[in-house]
>>> print(open('target.txt').read())   # compact mmCIF, C-alpha atoms and all ligand atoms
# COMPACT_ATOMS: atom_id res chain seq x y z
CA MET A 20 -34.71 73.04 5.23
CA ASN A 21 -35.26 72.09 8.83
CA ARG A 22 -36.75 68.61 8.97
CA GLU A 23 -39.22 69.70 11.66
CA THR A 24 -40.60 72.39 9.35
CA HIS A 25 -43.40 71.49 6.94
CA LEU A 26 -43.27 72.53 3.30
CA GLU A 27 -43.98 76.20 2.57
CA ALA A 28 -46.92 76.91 0.26
CA ASP A 29 -44.67 78.47 -2.38
CA HIS A 30 -42.43 75.41 -2.37
CA VAL A 31 -45.41 73.12 -2.85
CA VAL A 32 -46.55 75.14 -5.86
CA ASP A 33 -43.07 75.12 -7.42
CA LEU A 34 -42.71 71.43 -6.67
CA VAL A 35 -45.90 70.41 -8.48
CA HIS A 36 -44.87 72.56 -11.43
CA GLY A 37 -41.55 70.76 -11.54
CA LEU A 38 -39.62 73.97 -10.95
CA LEU A 39 -37.55 73.20 -7.88
CA GLU A 40 -33.86 72.56 -8.25
CA GLU A 41 -31.45 70.44 -6.28
CA PRO A 42 -30.60 70.22 -3.45
CA LEU A 43 -33.90 71.70 -2.26
CA ARG A 44 -35.98 69.28 -4.32
CA SER A 45 -34.30 66.25 -2.72
CA GLU A 46 -34.70 67.74 0.75
CA LEU A 47 -38.39 68.28 0.19
CA ALA A 48 -38.77 64.78 -1.31
CA ASP A 49 -37.15 63.34 1.81
CA HIS A 50 -39.57 65.28 3.96
CA ILE A 51 -42.61 64.21 1.89
CA ALA A 52 -41.52 60.60 2.15
CA ARG A 53 -41.69 60.91 5.93
CA CYS A 54 -44.54 63.37 6.42
CA GLU A 55 -48.03 62.22 5.49
CA SER A 56 -49.58 65.68 5.94
CA CYS A 57 -47.17 67.33 3.49
CA ALA A 58 -47.57 64.40 1.09
CA GLU A 59 -51.32 65.00 1.22
CA VAL A 60 -50.91 68.72 0.48
CA VAL A 61 -48.71 67.88 -2.52
CA ARG A 62 -51.19 65.28 -3.74
CA LEU A 63 -54.05 67.78 -3.55
CA ARG A 64 -52.12 70.48 -5.38
CA SER A 65 -51.05 67.95 -8.04
CA ALA A 66 -54.61 66.78 -8.53
CA GLU A 67 -55.82 70.40 -8.80
CA LEU A 68 -53.21 71.18 -11.42
CA GLU A 69 -53.98 68.03 -13.37
CA LEU A 70 -57.70 68.73 -13.27
CA ALA A 71 -57.18 72.32 -14.43
CA ARG A 72 -54.97 71.16 -17.28
CA SER A 73 -57.51 68.59 -18.42
CA GLU A 74 -60.47 71.01 -18.25
CA ALA A 75 -58.91 73.94 -20.05
CA PRO A 76 -55.40 75.30 -20.30
CA ALA A 77 -56.72 78.73 -19.22
CA ALA A 78 -57.95 77.31 -15.91
CA VAL A 79 -54.36 76.61 -14.88
CA HIS A 80 -53.88 80.34 -14.45
CA ARG A 81 -56.48 80.44 -11.71
CA LEU A 82 -54.25 78.26 -9.55
CA PRO A 83 -51.46 79.68 -7.42
CA ALA A 84 -48.66 80.60 -9.79
CA PRO A 85 -45.15 79.27 -9.33
CA LEU A 86 -42.52 81.67 -8.02
CA ARG A 87 -40.63 81.53 -11.27
CA ARG A 88 -42.88 82.28 -14.24
CA ARG A 89 -41.80 79.47 -16.45
CA TRP A 90 -43.49 76.27 -17.45
CA PRO A 91 -41.65 72.98 -17.24
CA ARG A 92 -40.81 71.27 -20.51
CA TYR A 93 -42.61 68.16 -19.41
CA ALA A 94 -45.83 67.91 -17.52
CA THR A 95 -44.40 66.18 -14.49
CA TRP A 96 -46.62 65.73 -11.45
CA THR A 97 -49.72 64.63 -13.28
CA GLY A 98 -51.60 64.29 -10.04
CA ALA A 99 -52.56 61.56 -7.62
CA ALA A 100 -50.77 59.52 -5.03
CA ALA A 101 -49.16 57.21 -7.57
CA ALA A 102 -47.36 60.10 -9.21
CA VAL A 103 -46.14 61.42 -5.87
CA LEU A 104 -44.85 57.99 -4.94
CA ALA A 105 -43.18 57.54 -8.32
CA MET A 106 -41.45 60.90 -8.04
CA VAL A 107 -40.25 60.24 -4.52
CA LEU A 108 -38.90 56.89 -5.69
CA LEU A 109 -37.20 58.59 -8.60
CA TRP A 110 -35.58 61.19 -6.42
CA GLN A 111 -34.35 58.59 -4.01
CA PHE A 112 -32.95 56.55 -6.88
CA GLY A 113 -31.30 59.63 -8.34
CA ALA A 114 -33.09 60.07 -11.64
CA SER A 115 -34.36 63.52 -12.60
CA GLU A 116 -34.75 65.82 -15.57
CA PRO A 117 -32.82 65.75 -17.81
CA ILE A 118 -33.00 61.98 -17.87
CA GLU A 119 -30.16 60.38 -16.00
CA TYR A 120 -29.54 57.11 -14.22
CA ARG A 121 -27.20 56.77 -11.26
CA LEU A 122 -25.88 53.30 -10.54
CA PRO A 123 -25.86 52.16 -6.91
CA VAL A 124 -22.48 52.35 -5.18
CA ALA A 125 -23.33 51.02 -1.71
CA ASN A 126 -22.64 47.34 -1.03
CA VAL A 127 -21.61 46.69 -4.62
CA LEU A 128 -18.14 45.38 -3.92
CA GLU A 129 -18.67 43.27 -0.80
CA PRO A 130 -19.58 40.04 -2.64
CA LEU A 131 -16.52 40.42 -4.89
CA ARG A 132 -14.03 41.39 -2.23
CA SER A 133 -12.18 38.07 -2.13
CA ASP A 134 -12.00 37.80 -5.89
CA THR A 135 -9.13 39.75 -7.36
CA GLY A 136 -6.63 42.57 -7.09
CA ASP A 137 -8.74 44.74 -9.39
CA ILE A 138 -11.01 45.54 -6.49
CA ALA A 139 -8.89 48.55 -5.45
CA ARG A 140 -9.23 50.16 -8.86
CA LEU A 141 -12.97 49.57 -8.96
CA GLU A 142 -13.24 50.96 -5.44
CA ALA A 143 -11.38 54.12 -6.45
CA ALA A 144 -13.58 54.49 -9.52
CA LEU A 145 -16.76 54.08 -7.47
CA ALA A 146 -15.58 56.73 -5.02
CA HIS A 147 -15.19 59.17 -7.95
CA TYR A 148 -18.57 58.10 -9.31
CA GLU A 149 -20.29 58.59 -5.97
CA ALA A 150 -18.82 62.09 -5.70
CA LYS A 151 -20.02 62.81 -9.27
CA ARG A 152 -16.43 63.15 -10.54
CA TYR A 153 -17.46 61.29 -13.66
CA THR A 154 -14.45 62.13 -15.83
CA GLN A 155 -12.09 60.72 -13.18
CA ALA A 156 -14.35 57.72 -12.69
CA ALA A 157 -14.24 57.04 -16.43
CA SER A 158 -10.47 57.42 -16.72
CA THR A 159 -9.95 55.12 -13.73
CA LEU A 160 -12.09 52.49 -15.47
CA GLN A 161 -10.69 52.94 -18.96
CA GLY A 162 -7.89 50.89 -20.45
CA SER A 163 -7.13 47.46 -19.12
CA GLU A 164 -9.88 44.96 -18.49
CA PHE A 165 -10.69 43.43 -15.13
CA ALA A 166 -10.74 39.76 -14.29
CA LYS A 167 -13.85 37.98 -15.46
CA PRO A 168 -16.51 38.51 -12.76
CA MET A 169 -15.91 42.25 -12.60
CA GLU A 170 -15.43 43.02 -16.26
CA ALA A 171 -19.15 43.49 -16.89
CA LEU A 172 -19.38 45.83 -13.88
CA ARG A 173 -16.39 47.80 -15.14
CA ARG A 174 -18.10 48.36 -18.49
CA ILE A 175 -21.48 49.29 -16.99
CA TYR A 176 -19.93 51.84 -14.61
CA LEU A 177 -17.66 53.13 -17.38
CA ALA A 178 -20.64 53.62 -19.71
CA SER A 179 -22.61 55.39 -16.98
CA ALA A 180 -19.65 57.63 -16.08
CA LEU A 181 -19.09 58.51 -19.76
CA THR A 182 -22.78 59.40 -20.19
CA HIS A 183 -22.67 61.65 -17.13
CA ALA A 184 -19.40 63.16 -18.44
CA ASP A 185 -21.27 64.11 -21.62
CA ASP A 186 -19.81 61.38 -23.82
CA PRO A 187 -22.88 59.26 -24.65
CA VAL A 188 -21.31 58.09 -27.92
CA GLY A 189 -18.33 56.67 -26.00
CA ALA A 190 -20.78 55.06 -23.59
CA ILE A 191 -22.75 53.44 -26.43
CA ASP A 192 -19.46 52.00 -27.79
CA VAL A 193 -18.66 50.46 -24.41
CA LEU A 194 -22.17 49.03 -24.07
CA ALA A 195 -22.07 47.53 -27.56
CA SER A 196 -19.20 45.33 -26.37
CA LEU A 197 -21.38 43.92 -23.60
CA ASP A 198 -23.87 41.06 -23.88
CA LEU A 199 -26.40 42.38 -21.37
CA ALA A 200 -28.70 39.38 -21.83
CA ALA A 201 -25.95 37.19 -20.36
CA ILE A 202 -25.47 39.32 -17.24
CA PRO A 203 -27.36 38.39 -14.07
CA GLU A 204 -29.84 40.73 -12.40
CA PRO A 205 -29.79 43.35 -11.05
CA TRP A 206 -26.85 44.31 -13.26
CA ARG A 207 -28.66 43.42 -16.45
CA GLY A 208 -31.39 45.92 -15.50
CA HIS A 209 -28.85 48.57 -14.49
CA GLY A 210 -27.02 48.02 -17.78
CA LEU A 211 -30.24 48.43 -19.76
CA CYS A 212 -31.04 51.69 -17.93
CA VAL A 213 -27.55 53.01 -18.62
CA SER A 214 -28.05 52.04 -22.28
CA TYR A 215 -31.39 53.81 -22.48
CA VAL A 216 -30.01 57.04 -21.03
CA ALA A 217 -26.95 56.88 -23.31
CA TYR A 218 -29.24 56.45 -26.34
CA VAL A 219 -31.37 59.43 -25.28
CA HIS A 220 -28.34 61.66 -24.76
CA GLY A 221 -26.66 60.34 -27.92
CA ASP A 222 -29.76 61.17 -30.02
CA ARG A 223 -30.28 57.51 -30.86
CA ASN A 224 -34.01 57.86 -30.45
CA ASP A 225 -35.01 54.71 -32.36
CA ASP A 226 -32.74 52.58 -30.18
CA ALA A 227 -34.07 54.28 -27.05
CA ALA A 228 -37.67 53.67 -28.12
CA ALA A 229 -36.94 50.03 -28.93
CA LEU A 230 -35.33 49.41 -25.54
CA LEU A 231 -37.85 51.16 -23.31
CA PRO A 232 -40.60 48.47 -23.37
CA GLN A 233 -38.17 45.92 -21.89
CA LEU A 234 -37.77 48.24 -18.92
CA THR A 235 -41.35 49.43 -18.43
CA GLN A 236 -42.58 45.82 -18.07
CA ARG A 237 -40.45 45.24 -15.01
CA GLU A 238 -42.11 44.99 -11.61
CA ASP A 239 -39.20 46.54 -9.70
CA ARG A 240 -37.92 50.06 -9.09
CA ILE A 241 -36.30 50.07 -12.52
CA GLY A 242 -39.80 49.51 -13.93
CA ASP A 243 -41.08 52.53 -11.94
CA ILE A 244 -38.29 54.68 -13.31
CA ALA A 245 -38.80 53.44 -16.87
CA ARG A 246 -42.55 54.12 -16.75
CA GLU A 247 -41.75 57.69 -15.72
CA TRP A 248 -39.33 57.95 -18.66
CA ALA A 249 -42.05 56.62 -20.95
CA ARG A 250 -44.46 59.26 -19.66
CA GLN A 251 -41.94 61.98 -20.45
CA ARG A 252 -41.32 60.89 -24.03
ZN ZN B 1 -44.47 68.00 6.69
>>> encode(input="target.txt", output="structure tokens", more="lines below")
Ligand SMILES: [Zn+2]
Amino acid sequence: MNRETHLEADHVVDLVHGLLEEPLRSELADHIARCESCAEVVRLRSAELELARSEAPAAVHRLPAPLRRRWPRYATWTGAAAAVLAMVLLWQFGASEPIEYRLPVANVLEPLRSDTGDIARLEAALAHYEAKRYTQAASTLQGSEFAKPMEALRRIYLASALTHADDPVGAIDVLASLDLAAIPEPWRGHGLCVSYVAYVHGDRNDDAAALLPQLTQREDRIGDIAREWARQR
């Protein structure tokens, strides 16, 4: 989509129904983040949909129908500016349905650069991770441990890569070897998010439910993401 072009009506309808797919959804989210008039249109449509759903399910059908005649599994976009903001934050942070959590890769290694020779291997792994080559990222991180300061990072990235590579059970094993409470922020929070997503994908629903309140209480972006996860449960 051309950045100078505002959102098309059909796209707005699909967006509030949660029916748009990547990369279009991210492009539109970027535009909404910058364009107050499109954000307002999306807010209005979201509020309309939410109101219709709360009044009577039948009333939803009076609203413009999405292009694809299919309802989302979750009622995302439950109206109002807060929801729009939360979704834009989520998109920018990389979370989406199905639940996933992408670790940051920018500026991660700078503070560690003088530390050890392991940095090259972590750098290679992060390049795979950034390009969503999760199997290669995981195999680069598997095996030998790193020197002390980076070992926790190695395990958190490895667990995240394994989850994305559809091995949540392997990820849960890796995380079990990690004392997240002893890890400084923000990595403790990232580690908890990776754990939550691994539990969800590994069908460990009790563990996921037990962990979520720790995340939803946070006042940072992780808290925003976790509150969205809680809404979707
Ligand atoms: Zn616009």
>>> closest_residue(input="target.txt", among="A:Ala229, A:Leu234, A:Ala52, A:Leu38", to="ligand ZN 1 (chain B)", atoms="all atoms listed in the file")
A:Ala52
>>> residues_around(input="target.txt", residues="range 193-203 of chain A", least_positions_apart="2", cutoff="10 Å", atoms="only C-alpha atoms", output="list in words")
Gln161, Glu170, Ala171, Leu172, Arg173, Arg174, Ile175, Tyr176, Leu177, Ala178, Ser179, Leu181, Pro187, Val188, Gly189, Ala190, Ile191, Pro205, Trp206, Arg207, Gly208, His209, Gly210, Leu211, Val213, Ser214 and Ala217 of chain A
>>> closest_atom_pairs(input="target.txt", of="chain A", to="ligand ZN 1 (chain B)", cutoff="12 Å", atoms="all atoms listed in the file", output="Markdown table")
| residue | atom | partner | partner_atom | distance |
| --- | --- | --- | --- | --- |
| A:Met20 | CA | B:ZN1 | ZN | 11.1 |
| A:Asn21 | CA | B:ZN1 | ZN | 10.3 |
| A:Arg22 | CA | B:ZN1 | ZN | 8.1 |
| A:Glu23 | CA | B:ZN1 | ZN | 7.4 |
| A:Thr24 | CA | B:ZN1 | ZN | 6.4 |
| A:His25 | CA | B:ZN1 | ZN | 3.7 |
| A:Leu26 | CA | B:ZN1 | ZN | 5.8 |
| A:Glu27 | CA | B:ZN1 | ZN | 9.2 |
| A:Ala28 | CA | B:ZN1 | ZN | 11.3 |
| A:His30 | CA | B:ZN1 | ZN | 11.9 |
| A:Val31 | CA | B:ZN1 | ZN | 10.9 |
| A:Glu46 | CA | B:ZN1 | ZN | 11.4 |
| A:Leu47 | CA | B:ZN1 | ZN | 8.9 |
| A:Ala48 | CA | B:ZN1 | ZN | 10.3 |
| A:Asp49 | CA | B:ZN1 | ZN | 10.0 |
| A:His50 | CA | B:ZN1 | ZN | 6.2 |
| A:Ile51 | CA | B:ZN1 | ZN | 6.4 |
| A:Ala52 | CA | B:ZN1 | ZN | 9.2 |
| A:Arg53 | CA | B:ZN1 | ZN | 7.7 |
| A:Cys54 | CA | B:ZN1 | ZN | 4.6 |
| A:Glu55 | CA | B:ZN1 | ZN | 6.9 |
| A:Ser56 | CA | B:ZN1 | ZN | 5.7 |
| A:Cys57 | CA | B:ZN1 | ZN | 4.2 |
| A:Ala58 | CA | B:ZN1 | ZN | 7.3 |
| A:Glu59 | CA | B:ZN1 | ZN | 9.3 |
| A:Val60 | CA | B:ZN1 | ZN | 9.0 |
| A:Val61 | CA | B:ZN1 | ZN | 10.1 |
>>> closest_residue(input="target.txt", among="A:Val219, A:Cys212, A:Glu149, A:Ala227", to="Gly242 in chain A", atoms="all atoms listed in the file")
A:Cys212
>>> atom_distance(input="target.txt", atom1="CA of Ala156 in chain A", atom2="CA of Ile241 in chain A")
23.2 Å
>>> atom_distance(input="target.txt", atom1="CA of Asp185 in chain A", atom2="CA of Phe165 in chain A")
24.1 Å
>>> closest_residue(input="target.txt", among="A:Ala150, A:Ala166, A:Leu43, A:Ala249", to="Tyr215 in chain A", atoms="all atoms listed in the file")
A:Ala249
>>> atom_distance(input="target.txt", atom1="CA of Tyr153 in chain A", atom2="CA of His183 in chain A")
6.3 Å
>>> closest_residue(input="target.txt", among="A:Tyr120, A:Thr159, A:Val35, A:Glu238", to="Ala139 in chain A", atoms="all atoms listed in the file")
A:Thr159
>>> residues_around(input="target.txt", residues="Tyr148 in chain A", least_positions_apart="6", cutoff="9 Å", atoms="all atoms listed in the file", output="PyMOL selection string")
chain A and resi 121-122+124+154-157+176+180
>>> closest_residue(input="target.txt", among="A:Ala143, A:Ile138, A:Leu230, A:Met169", to="Ala245 in chain A", atoms="all atoms listed in the file")
A:Leu230
>>> closest_residue(input="target.txt", among="A:Leu141, A:Ala146, A:Val216, A:Leu39", to="Ala228 in chain A", atoms="all atoms listed in the file")
A:Val216
>>> decode(input="target.txt", residues="range 116-243 of chain A", atoms="C-alpha atoms", output="mmCIF file, in the first residue's frame")
data_model
loop_
_atom_site.group_PDB
_atom_site.id
_atom_site.type_symbol
_atom_site.label_atom_id
_atom_site.label_comp_id
_atom_site.auth_asym_id
_atom_site.auth_seq_id
_atom_site.Cartn_x
_atom_site.Cartn_y
_atom_site.Cartn_z
ATOM 1 C CA GLU A 116 -2.856 -14.646 16.196
ATOM 2 C CA PRO A 117 -1.974 -17.412 16.748
ATOM 3 C CA ILE A 118 -0.211 -16.241 19.875
ATOM 4 C CA GLU A 119 3.470 -15.689 19.326
ATOM 5 C CA TYR A 120 6.194 -13.593 20.877
ATOM 6 C CA ARG A 121 9.171 -12.281 18.929
ATOM 7 C CA LEU A 122 12.222 -11.334 20.946
ATOM 8 C CA PRO A 123 13.956 -8.066 20.051
ATOM 9 C CA VAL A 124 17.104 -8.429 17.954
ATOM 10 C CA ALA A 125 18.188 -4.797 17.563
ATOM 11 C CA ASN A 126 20.836 -3.496 19.977
ATOM 12 C CA VAL A 127 20.871 -6.725 21.958
ATOM 13 C CA LEU A 128 24.534 -7.528 21.551
ATOM 14 C CA GLU A 129 26.167 -4.107 21.871
ATOM 15 C CA PRO A 130 26.510 -4.173 25.682
ATOM 16 C CA LEU A 131 28.061 -7.653 25.516
ATOM 17 C CA ARG A 132 30.394 -7.056 22.612
ATOM 18 C CA SER A 133 33.607 -6.920 24.652
ATOM 19 C CA ASP A 134 32.706 -9.972 26.683
ATOM 20 C CA THR A 135 33.550 -13.196 24.925
ATOM 21 C CA GLY A 136 34.197 -15.084 21.716
ATOM 22 C CA ASP A 137 30.679 -16.529 21.793
ATOM 23 C CA ILE A 138 29.355 -13.270 20.434
ATOM 24 C CA ALA A 139 29.842 -14.398 16.808
ATOM 25 C CA ARG A 140 27.683 -17.466 17.311
ATOM 26 C CA LEU A 141 24.953 -15.480 19.038
ATOM 27 C CA GLU A 142 25.132 -12.909 16.250
ATOM 28 C CA ALA A 143 24.694 -15.613 13.615
ATOM 29 C CA ALA A 144 21.783 -17.089 15.547
ATOM 30 C CA LEU A 145 20.080 -13.702 15.871
ATOM 31 C CA ALA A 146 20.441 -13.112 12.134
ATOM 32 C CA HIS A 147 18.597 -16.405 11.504
ATOM 33 C CA TYR A 148 16.010 -15.477 14.130
ATOM 34 C CA GLU A 149 15.420 -12.047 12.619
ATOM 35 C CA ALA A 150 14.894 -13.622 9.191
ATOM 36 C CA LYS A 151 12.456 -16.114 10.769
ATOM 37 C CA ARG A 152 14.753 -19.066 9.985
ATOM 38 C CA TYR A 153 13.902 -20.512 13.368
ATOM 39 C CA THR A 154 15.208 -24.039 12.804
ATOM 40 C CA GLN A 155 18.641 -22.671 11.869
ATOM 41 C CA ALA A 156 18.522 -20.229 14.767
ATOM 42 C CA ALA A 157 17.788 -23.108 17.144
ATOM 43 C CA SER A 158 20.519 -25.364 15.780
ATOM 44 C CA THR A 159 23.052 -22.524 15.971
ATOM 45 C CA LEU A 160 22.137 -22.061 19.639
ATOM 46 C CA GLN A 161 21.931 -25.723 20.573
ATOM 47 C CA GLY A 162 24.758 -27.736 22.072
ATOM 48 C CA SER A 163 27.532 -26.017 23.934
ATOM 49 C CA GLU A 164 26.804 -23.372 26.515
ATOM 50 C CA PHE A 165 27.994 -19.782 26.333
ATOM 51 C CA ALA A 166 30.091 -17.981 28.887
ATOM 52 C CA LYS A 167 28.141 -16.819 31.901
ATOM 53 C CA PRO A 168 26.580 -13.449 30.974
ATOM 54 C CA MET A 169 25.208 -14.740 27.693
ATOM 55 C CA GLU A 170 24.047 -18.177 28.737
ATOM 56 C CA ALA A 171 20.635 -16.936 29.865
ATOM 57 C CA LEU A 172 20.193 -15.092 26.554
ATOM 58 C CA ARG A 173 21.187 -18.214 24.634
ATOM 59 C CA ARG A 174 18.487 -20.228 26.396
ATOM 60 C CA ILE A 175 15.773 -17.577 25.986
ATOM 61 C CA TYR A 176 16.459 -17.204 22.244
ATOM 62 C CA LEU A 177 16.749 -20.971 21.861
ATOM 63 C CA ALA A 178 13.380 -21.495 23.580
ATOM 64 C CA SER A 179 11.758 -18.816 21.425
ATOM 65 C CA ALA A 180 13.262 -20.264 18.227
ATOM 66 C CA LEU A 181 12.111 -23.778 19.172
ATOM 67 C CA THR A 182 8.573 -22.526 19.843
ATOM 68 C CA HIS A 183 8.465 -20.786 16.467
ATOM 69 C CA ALA A 184 9.902 -23.947 14.867
ATOM 70 C CA ASP A 185 6.922 -25.855 16.284
ATOM 71 C CA ASP A 186 8.799 -27.557 19.108
ATOM 72 C CA PRO A 187 7.169 -26.039 22.211
ATOM 73 C CA VAL A 188 8.002 -29.136 24.285
ATOM 74 C CA GLY A 189 11.707 -28.667 23.523
ATOM 75 C CA ALA A 190 11.317 -24.995 24.400
ATOM 76 C CA ILE A 191 9.688 -25.806 27.746
ATOM 77 C CA ASP A 192 12.629 -28.145 28.536
ATOM 78 C CA VAL A 193 15.109 -25.357 27.837
ATOM 79 C CA LEU A 194 13.141 -22.876 29.943
ATOM 80 C CA ALA A 195 12.901 -25.296 32.856
ATOM 81 C CA SER A 196 16.690 -25.130 33.124
ATOM 82 C CA LEU A 197 16.534 -21.369 33.574
ATOM 83 C CA ASP A 198 15.910 -19.476 36.813
ATOM 84 C CA LEU A 199 13.995 -16.558 35.311
ATOM 85 C CA ALA A 200 13.542 -14.870 38.684
ATOM 86 C CA ALA A 201 17.327 -14.418 38.845
ATOM 87 C CA ILE A 202 17.592 -12.776 35.417
ATOM 88 C CA PRO A 203 17.550 -8.971 35.196
ATOM 89 C CA GLU A 204 14.886 -7.067 33.266
ATOM 90 C CA PRO A 205 14.012 -6.789 30.464
ATOM 91 C CA TRP A 206 15.185 -10.351 29.859
ATOM 92 C CA ARG A 207 13.193 -11.749 32.736
ATOM 93 C CA GLY A 208 10.029 -10.347 31.120
ATOM 94 C CA HIS A 209 11.018 -11.604 27.673
ATOM 95 C CA GLY A 210 11.738 -15.026 29.172
ATOM 96 C CA LEU A 211 8.332 -15.123 30.863
ATOM 97 C CA CYS A 212 6.599 -14.206 27.574
ATOM 98 C CA VAL A 213 8.503 -16.928 25.734
ATOM 99 C CA SER A 214 7.453 -19.348 28.508
ATOM 100 C CA TYR A 215 3.813 -18.348 28.244
ATOM 101 C CA VAL A 216 3.725 -18.838 24.476
ATOM 102 C CA ALA A 217 5.542 -22.183 24.762
ATOM 103 C CA TYR A 218 2.979 -23.353 27.350
ATOM 104 C CA VAL A 219 0.087 -22.305 25.104
ATOM 105 C CA HIS A 220 1.535 -24.085 22.076
ATOM 106 C CA GLY A 221 2.563 -27.088 24.180
ATOM 107 C CA ASP A 222 -1.000 -27.473 25.542
ATOM 108 C CA ARG A 223 0.196 -26.796 29.084
ATOM 109 C CA ASN A 224 -2.846 -24.669 29.790
ATOM 110 C CA ASP A 225 -2.635 -24.767 33.594
ATOM 111 C CA ASP A 226 0.953 -23.522 33.502
ATOM 112 C CA ALA A 227 -0.005 -20.821 30.998
ATOM 113 C CA ALA A 228 -2.911 -19.681 33.172
ATOM 114 C CA ALA A 229 -0.712 -19.619 36.277
ATOM 115 C CA LEU A 230 1.951 -17.512 34.572
ATOM 116 C CA LEU A 231 -0.266 -14.949 32.855
ATOM 117 C CA PRO A 232 -1.113 -12.801 35.939
ATOM 118 C CA GLN A 233 2.602 -12.080 36.476
ATOM 119 C CA LEU A 234 2.666 -10.569 32.993
ATOM 120 C CA THR A 235 -0.657 -8.713 32.941
ATOM 121 C CA GLN A 236 0.310 -6.726 36.064
ATOM 122 C CA ARG A 237 3.275 -5.152 34.329
ATOM 123 C CA GLU A 238 3.131 -1.486 33.360
ATOM 124 C CA ASP A 239 5.270 -1.884 30.232
ATOM 125 C CA ARG A 240 4.689 -3.094 26.683
ATOM 126 C CA ILE A 241 4.908 -6.686 27.867
ATOM 127 C CA GLY A 242 1.949 -5.887 30.138
ATOM 128 C CA ASP A 243 0.000 -4.535 27.120
#
